[in-house]
Amino acid sequence: MSVYDLTGRKALVTGGARGLGAGMAEALARAGAAVVIGDIREELGQATVDAIKKAGGDAAFQPLNVTDDHSWERCIEGTTGGLDIVVNNAGVEISSLVIDLDPDDIRKMLDVNILGTALGIKHAFRAMRPGGPAGRGGAVVNISSVAATIAFPGIAAYSATKSAVDRLTRVAAMESGKLGYAVRVNCIYPGLVPTEMGNQLAQDMVTLGLFPNVEECVGAVIGLTPHGRLGEVADMADAVVFLASDASRFITGAGLPVDGGMGM
Ligand SMILES: NC(=O)c1ccc[n+]([C@@H]2O[C@H](COP(=O)([O-])OP(=O)(O)OC[C@H]3O[C@@H](n4cnc5c(N)ncnc54)[C@H](O)[C@@H]3O)[C@@H](O)[C@H]2O)c1
């Protein structure tokens with residue numbers, strides 16, 4: 001059997017209704033995992049579940065607001081039949097120049113990106129550690145960003161939250177190892193991908209006056225990327241499958257750039 005095979009594993013992908021999370025859920029299902037999509041967007045999430053099932057995969061939807069501890073409890077209770085993989089992907093990005101930062105926008109990003117990821121790791125540990133309701137150990141994959149590894153204008157607060165995801169990953173991996181939870185914790189730093197979030201970010205850079213048009217903004221990102229293109233959803237999804245699978249069995253507390261070299 002391939003070390004990438006996830007047959008018999010159960011995975012939860014937060015923010016899996018659309019974008020990168022939907023691609024990650026599809027890739028995990030293709031690798032053999034039974035996937036639960038947890039998201040605040042129920043209709044969109046159900047549509048992604050239907051698409052995975054149509055392609056022959058095993059998928060279900062659970063309502064989940066990652067910023068709410070009780071919502072996490074209900075979601076984990078609803079993931080019947082064990083839990084082996086948690087992908088903390090849900091995130092929000094609100095662009096602004098530092099000089100114009102809005103406290104409510106910062107709080108929203110802190111809430112979803114930091115608190116949401118922290119609660120995701122907490123509930124993954126509680127469920128997956130020996131003696132927990134799932135109890136077989138497993139893998140947590142957090143979604144940071146290339147924004148945590150470079151300085152790009154217009155996304156200061158977002159970049160700060162993604163740097164926090166990086167630190168959460170490493171301390172959580174340390175605790176898991178030391179305390180015998182048998183859960184590996186890693187993160188990836190995706191480069192810019194033209195999802196709804198990625199496209200909005202490029203548009204925002206124009207609105208903020210940082211680039212004359214979207215084409216020049218995208219061109220600048222590609223220019224900073226040795227591999228010479230934007231990221232694709234599948235680039236991120238395949239990296240998540242790797243970090244969720246036994247192929248990465250001795251990797252924990254790591255951050256994997258998936259950015260075509262942009263952050264090197
Ligand atoms: N697209 C990019 O260029 C890019 C680059 C680097 C990192 N990322 C990160 O990848 C992740 C996914 O990004 P995307 O481009 O797919 O974004 P997206 O906006 O297309 O999708 C985000 C998903 O998260 C869900 N979500 C938002 N708040 C939530 C909450 N409170 N609880 C549960 N679900 C919630 C949304 O409903 C949506 O389905 C994010 O963490 C983002 O920061 C994206």
# chains A, B, ... in the order shown; residues from 1 in each chain; ligands from 1
$ residues_around --residues "A:Ala22" --least-positions-apart "3" --cutoff "9 Å" --atoms "only C-alpha atoms" --output "JSON, numbers by chain"
{"A": [13, 15, 16, 17, 18, 19, 25, 26, 27, 37, 45, 48, 49, 233, 237]}
$ residues_near_ligand --ligand "ligand 1" --cutoff "8 Å" --atoms "only C-alpha atoms and all ligand atoms" --output "PyMOL selection string"
chain A and resi 14-22+38-41+44-45+63-68+88-93+111-113+116+143-147+158+162+189-199+201+231
$ select_by_dssp --residues "stretch 51-112 of chain A" --states "strand (DSSP E or B)" --output "count of residues only"
11
$ select_by_dssp --residues "stretch 41-181 of chain A" --states "helix (DSSP H, G or I)" --output "PyMOL selection string"
chain A and resi 42-54+69-78+98-100+103-128+146-148+156-179
$ residues_around --residues "A:Met174" --least-positions-apart "3" --cutoff "9 Å" --atoms "only C-alpha atoms" --output "PyMOL selection string"
chain A and resi 169-171+177-179+185+252-253
$ closest_residue --among "A:Pro257, A:Gly228, A:Pro153, A:Pro130" --to "A:Gly209" --atoms "only C-alpha atoms"
A:Pro153
$ closest_residue --among "A:Glu73, A:Gln203, A:Ala29, A:Glu232" --to "A:Ala55" --atoms "only C-alpha atoms"
A:Ala29
$ atom_distance --atom1 "atom CA of A:Leu210" --atom2 "atom CA of A:Met262"
19.0 Å
$ residues_around --residues "A:Val240" --least-positions-apart "4" --cutoff "7 Å" --atoms "only C-alpha atoms" --output "ChimeraX atom specification"
/A:24,141,236,244
$ closest_residue --among "A:Thr117, A:Ser176, A:Thr7, A:Asn186" --to "A:Ala164" --atoms "only C-alpha atoms"
A:Thr117
$ closest_residue --among "A:Ile94, A:His123, A:Lys54, A:Phe152" --to "A:Arg74" --atoms "only C-alpha atoms"
A:His123
$ closest_residue --among "A:Ala139, A:Val221, A:Gly81, A:Leu168" --to "A:Phe242" --atoms "only C-alpha atoms"
A:Ala139
$ atom_distance --atom1 "atom CA of A:Val98" --atom2 "atom CA of A:Gln200"
18.2 Å
$ closest_residue --among "A:Ile52, A:Ile99, A:Leu119, A:Leu83" --to "A:Leu208" --atoms "only C-alpha atoms"
A:Ile99
$ residues_around --residues "A:Cys217" --least-positions-apart "5" --cutoff "10 Å" --atoms "only C-alpha atoms" --output "number ranges by chain"
A: 201-206, 210-212, 222-223
$ residues_around --residues "stretch 245-250 of chain A" --least-positions-apart "2" --cutoff "8 Å" --atoms "only C-alpha atoms" --output "list of chain:residue names"
A:Val3, A:Tyr4, A:Asp5, A:Leu6, A:Ala139, A:Arg184, A:Val241, A:Phe242, A:Leu243, A:Thr252
$ write_last_selection --atoms "all heavy atoms" --output "PDB file, in the first residue's frame"
ATOM      1  N   VAL A   3       2.396   4.872   0.879  1.00  0.00           N
ATOM      2  CA  VAL A   3       2.440   5.645   2.133  1.00  0.00           C
ATOM      3  C   VAL A   3       1.561   6.896   2.054  1.00  0.00           C
ATOM      4  O   VAL A   3       1.326   7.556   3.062  1.00  0.00           O
ATOM      5  CB  VAL A   3       3.879   6.060   2.515  1.00  0.00           C
ATOM      6  CG1 VAL A   3       4.658   4.885   3.045  1.00  0.00           C
ATOM      7  CG2 VAL A   3       4.593   6.743   1.362  1.00  0.00           C
ATOM      8  N   TYR A   4       1.100   7.223   0.860  1.00  0.00           N
ATOM      9  CA  TYR A   4       0.194   8.374   0.692  1.00  0.00           C
ATOM     10  C   TYR A   4      -1.275   7.961   0.827  1.00  0.00           C
ATOM     11  O   TYR A   4      -2.147   8.804   0.803  1.00  0.00           O
ATOM     12  CB  TYR A   4       0.407   9.027  -0.683  1.00  0.00           C
ATOM     13  CG  TYR A   4       1.787   9.598  -0.864  1.00  0.00           C
ATOM     14  CD1 TYR A   4       2.795   8.857  -1.464  1.00  0.00           C
ATOM     15  CD2 TYR A   4       2.096  10.883  -0.418  1.00  0.00           C
ATOM     16  CE1 TYR A   4       4.075   9.373  -1.613  1.00  0.00           C
ATOM     17  CE2 TYR A   4       3.367  11.404  -0.565  1.00  0.00           C
ATOM     18  CZ  TYR A   4       4.355  10.643  -1.165  1.00  0.00           C
ATOM     19  OH  TYR A   4       5.614  11.163  -1.307  1.00  0.00           O
ATOM     20  N   ASP A   5      -1.509   6.645   0.924  1.00  0.00           N
ATOM     21  CA  ASP A   5      -2.888   6.147   0.951  1.00  0.00           C
ATOM     22  C   ASP A   5      -3.564   6.490   2.282  1.00  0.00           C
ATOM     23  O   ASP A   5      -2.991   6.260   3.348  1.00  0.00           O
ATOM     24  CB  ASP A   5      -2.873   4.629   0.756  1.00  0.00           C
ATOM     25  CG  ASP A   5      -4.267   4.099   0.499  1.00  0.00           C
ATOM     26  OD1 ASP A   5      -4.991   3.867   1.501  1.00  0.00           O
ATOM     27  OD2 ASP A   5      -4.638   3.947  -0.665  1.00  0.00           O
ATOM     28  N   LEU A   6      -4.767   7.049   2.212  1.00  0.00           N
ATOM     29  CA  LEU A   6      -5.476   7.456   3.428  1.00  0.00           C
ATOM     30  C   LEU A   6      -6.735   6.623   3.667  1.00  0.00           C
ATOM     31  O   LEU A   6      -7.607   7.026   4.442  1.00  0.00           O
ATOM     32  CB  LEU A   6      -5.836   8.946   3.339  1.00  0.00           C
ATOM     33  CG  LEU A   6      -4.653   9.924   3.249  1.00  0.00           C
ATOM     34  CD1 LEU A   6      -5.143  11.366   3.093  1.00  0.00           C
ATOM     35  CD2 LEU A   6      -3.744   9.800   4.474  1.00  0.00           C
ATOM     36  N   ALA A 139      -2.774  13.534  12.414  1.00  0.00           N
ATOM     37  CA  ALA A 139      -2.035  14.671  11.853  1.00  0.00           C
ATOM     38  C   ALA A 139      -2.919  15.913  11.803  1.00  0.00           C
ATOM     39  O   ALA A 139      -4.091  15.840  11.405  1.00  0.00           O
ATOM     40  CB  ALA A 139      -1.544  14.345  10.439  1.00  0.00           C
ATOM     41  N   ARG A 184       0.946  14.589  14.902  1.00  0.00           N
ATOM     42  CA  ARG A 184       1.927  15.472  14.265  1.00  0.00           C
ATOM     43  C   ARG A 184       1.225  16.783  13.894  1.00  0.00           C
ATOM     44  O   ARG A 184       0.052  16.768  13.523  1.00  0.00           O
ATOM     45  CB  ARG A 184       2.502  14.813  13.004  1.00  0.00           C
ATOM     46  CG  ARG A 184       3.329  13.558  13.301  1.00  0.00           C
ATOM     47  CD  ARG A 184       3.917  12.940  12.047  1.00  0.00           C
ATOM     48  NE  ARG A 184       2.913  12.518  11.084  1.00  0.00           N
ATOM     49  CZ  ARG A 184       2.602  13.178   9.976  1.00  0.00           C
ATOM     50  NH1 ARG A 184       3.231  14.294   9.656  1.00  0.00           N
ATOM     51  NH2 ARG A 184       1.663  12.719   9.161  1.00  0.00           N
ATOM     52  N   VAL A 241      -2.116  16.622   1.561  1.00  0.00           N
ATOM     53  CA  VAL A 241      -2.209  15.150   1.568  1.00  0.00           C
ATOM     54  C   VAL A 241      -0.883  14.561   2.073  1.00  0.00           C
ATOM     55  O   VAL A 241      -0.863  13.649   2.901  1.00  0.00           O
ATOM     56  CB  VAL A 241      -2.564  14.598   0.165  1.00  0.00           C
ATOM     57  CG1 VAL A 241      -2.411  13.074   0.126  1.00  0.00           C
ATOM     58  CG2 VAL A 241      -3.989  14.993  -0.211  1.00  0.00           C
ATOM     59  N   PHE A 242       0.227  15.105   1.584  1.00  0.00           N
ATOM     60  CA  PHE A 242       1.550  14.625   2.036  1.00  0.00           C
ATOM     61  C   PHE A 242       1.678  14.749   3.554  1.00  0.00           C
ATOM     62  O   PHE A 242       2.040  13.791   4.247  1.00  0.00           O
ATOM     63  CB  PHE A 242       2.652  15.426   1.327  1.00  0.00           C
ATOM     64  CG  PHE A 242       4.010  15.273   1.942  1.00  0.00           C
ATOM     65  CD1 PHE A 242       4.658  14.044   1.955  1.00  0.00           C
ATOM     66  CD2 PHE A 242       4.653  16.359   2.527  1.00  0.00           C
ATOM     67  CE1 PHE A 242       5.916  13.892   2.538  1.00  0.00           C
ATOM     68  CE2 PHE A 242       5.906  16.217   3.111  1.00  0.00           C
ATOM     69  CZ  PHE A 242       6.539  14.985   3.126  1.00  0.00           C
ATOM     70  N   LEU A 243       1.358  15.943   4.090  1.00  0.00           N
ATOM     71  CA  LEU A 243       1.547  16.162   5.535  1.00  0.00           C
ATOM     72  C   LEU A 243       0.523  15.409   6.378  1.00  0.00           C
ATOM     73  O   LEU A 243       0.738  15.204   7.578  1.00  0.00           O
ATOM     74  CB  LEU A 243       1.512  17.665   5.853  1.00  0.00           C
ATOM     75  CG  LEU A 243       2.740  18.442   5.369  1.00  0.00           C
ATOM     76  CD1 LEU A 243       2.557  19.944   5.576  1.00  0.00           C
ATOM     77  CD2 LEU A 243       4.021  17.967   6.078  1.00  0.00           C
ATOM     78  N   THR A 252       7.217  16.795  12.058  1.00  0.00           N
ATOM     79  CA  THR A 252       6.286  17.522  12.931  1.00  0.00           C
ATOM     80  C   THR A 252       6.917  18.845  13.346  1.00  0.00           C
ATOM     81  O   THR A 252       8.140  18.956  13.425  1.00  0.00           O
ATOM     82  CB  THR A 252       5.866  16.669  14.148  1.00  0.00           C
ATOM     83  OG1 THR A 252       4.745  17.301  14.799  1.00  0.00           O
ATOM     84  CG2 THR A 252       6.999  16.486  15.160  1.00  0.00           C
TER      85      THR A 252
END
$ atom_distance --atom1 "atom CA of A:Arg167" --atom2 "atom CA of A:Arg129"
20.9 Å
$ decode --residues "stretch 130-145 of chain A" --atoms "N, CA and C atoms" --output "PDB file, in the first residue's frame"
ATOM      1  N   PRO A 130      -4.413   9.544  22.703  1.00  0.00           N
ATOM      2  CA  PRO A 130      -4.817   8.279  23.312  1.00  0.00           C
ATOM      3  C   PRO A 130      -5.810   8.542  24.445  1.00  0.00           C
ATOM      4  N   GLY A 131      -6.915   7.810  24.462  1.00  0.00           N
ATOM      5  CA  GLY A 131      -7.956   8.018  25.468  1.00  0.00           C
ATOM      6  C   GLY A 131      -9.036   8.964  25.016  1.00  0.00           C
ATOM      7  N   GLY A 132      -8.783   9.734  23.935  1.00  0.00           N
ATOM      8  CA  GLY A 132      -9.815  10.620  23.382  1.00  0.00           C
ATOM      9  C   GLY A 132     -10.837   9.808  22.603  1.00  0.00           C
ATOM     10  N   PRO A 133     -11.976  10.410  22.239  1.00  0.00           N
ATOM     11  CA  PRO A 133     -13.025   9.660  21.543  1.00  0.00           C
ATOM     12  C   PRO A 133     -12.562   9.041  20.224  1.00  0.00           C
ATOM     13  N   ALA A 134     -11.593   9.650  19.557  1.00  0.00           N
ATOM     14  CA  ALA A 134     -11.036   9.017  18.349  1.00  0.00           C
ATOM     15  C   ALA A 134      -9.827   8.169  18.766  1.00  0.00           C
ATOM     16  N   GLY A 135      -8.867   8.793  19.434  1.00  0.00           N
ATOM     17  CA  GLY A 135      -7.861   8.051  20.194  1.00  0.00           C
ATOM     18  C   GLY A 135      -6.741   7.354  19.438  1.00  0.00           C
ATOM     19  N   ARG A 136      -6.636   7.611  18.111  1.00  0.00           N
ATOM     20  CA  ARG A 136      -5.607   6.884  17.342  1.00  0.00           C
ATOM     21  C   ARG A 136      -4.422   7.769  16.962  1.00  0.00           C
ATOM     22  N   GLY A 137      -4.320   8.991  17.548  1.00  0.00           N
ATOM     23  CA  GLY A 137      -3.293   9.924  17.089  1.00  0.00           C
ATOM     24  C   GLY A 137      -3.645  10.406  15.699  1.00  0.00           C
ATOM     25  N   GLY A 138      -2.702  11.050  15.019  1.00  0.00           N
ATOM     26  CA  GLY A 138      -3.002  11.511  13.664  1.00  0.00           C
ATOM     27  C   GLY A 138      -2.174  12.700  13.257  1.00  0.00           C
ATOM     28  N   ALA A 139      -2.774  13.534  12.414  1.00  0.00           N
ATOM     29  CA  ALA A 139      -2.035  14.671  11.853  1.00  0.00           C
ATOM     30  C   ALA A 139      -2.919  15.913  11.803  1.00  0.00           C
ATOM     31  N   VAL A 140      -2.345  17.040  12.212  1.00  0.00           N
ATOM     32  CA  VAL A 140      -2.988  18.348  12.045  1.00  0.00           C
ATOM     33  C   VAL A 140      -2.163  19.121  11.020  1.00  0.00           C
ATOM     34  N   VAL A 141      -2.855  19.711  10.048  1.00  0.00           N
ATOM     35  CA  VAL A 141      -2.164  20.567   9.074  1.00  0.00           C
ATOM     36  C   VAL A 141      -2.807  21.952   9.139  1.00  0.00           C
ATOM     37  N   ASN A 142      -2.008  22.955   9.490  1.00  0.00           N
ATOM     38  CA  ASN A 142      -2.513  24.328   9.562  1.00  0.00           C
ATOM     39  C   ASN A 142      -2.126  25.079   8.293  1.00  0.00           C
ATOM     40  N   ILE A 143      -2.999  26.009   7.889  1.00  0.00           N
ATOM     41  CA  ILE A 143      -2.717  26.758   6.668  1.00  0.00           C
ATOM     42  C   ILE A 143      -2.263  28.166   7.043  1.00  0.00           C
ATOM     43  N   SER A 144      -0.958  28.371   6.965  1.00  0.00           N
ATOM     44  CA  SER A 144      -0.373  29.695   7.172  1.00  0.00           C
ATOM     45  C   SER A 144      -0.392  30.410   5.818  1.00  0.00           C
ATOM     46  N   SER A 145       0.669  31.100   5.454  1.00  0.00           N
ATOM     47  CA  SER A 145       0.716  31.812   4.163  1.00  0.00           C
ATOM     48  C   SER A 145       2.145  32.255   3.896  1.00  0.00           C
TER      49      SER A 145
END
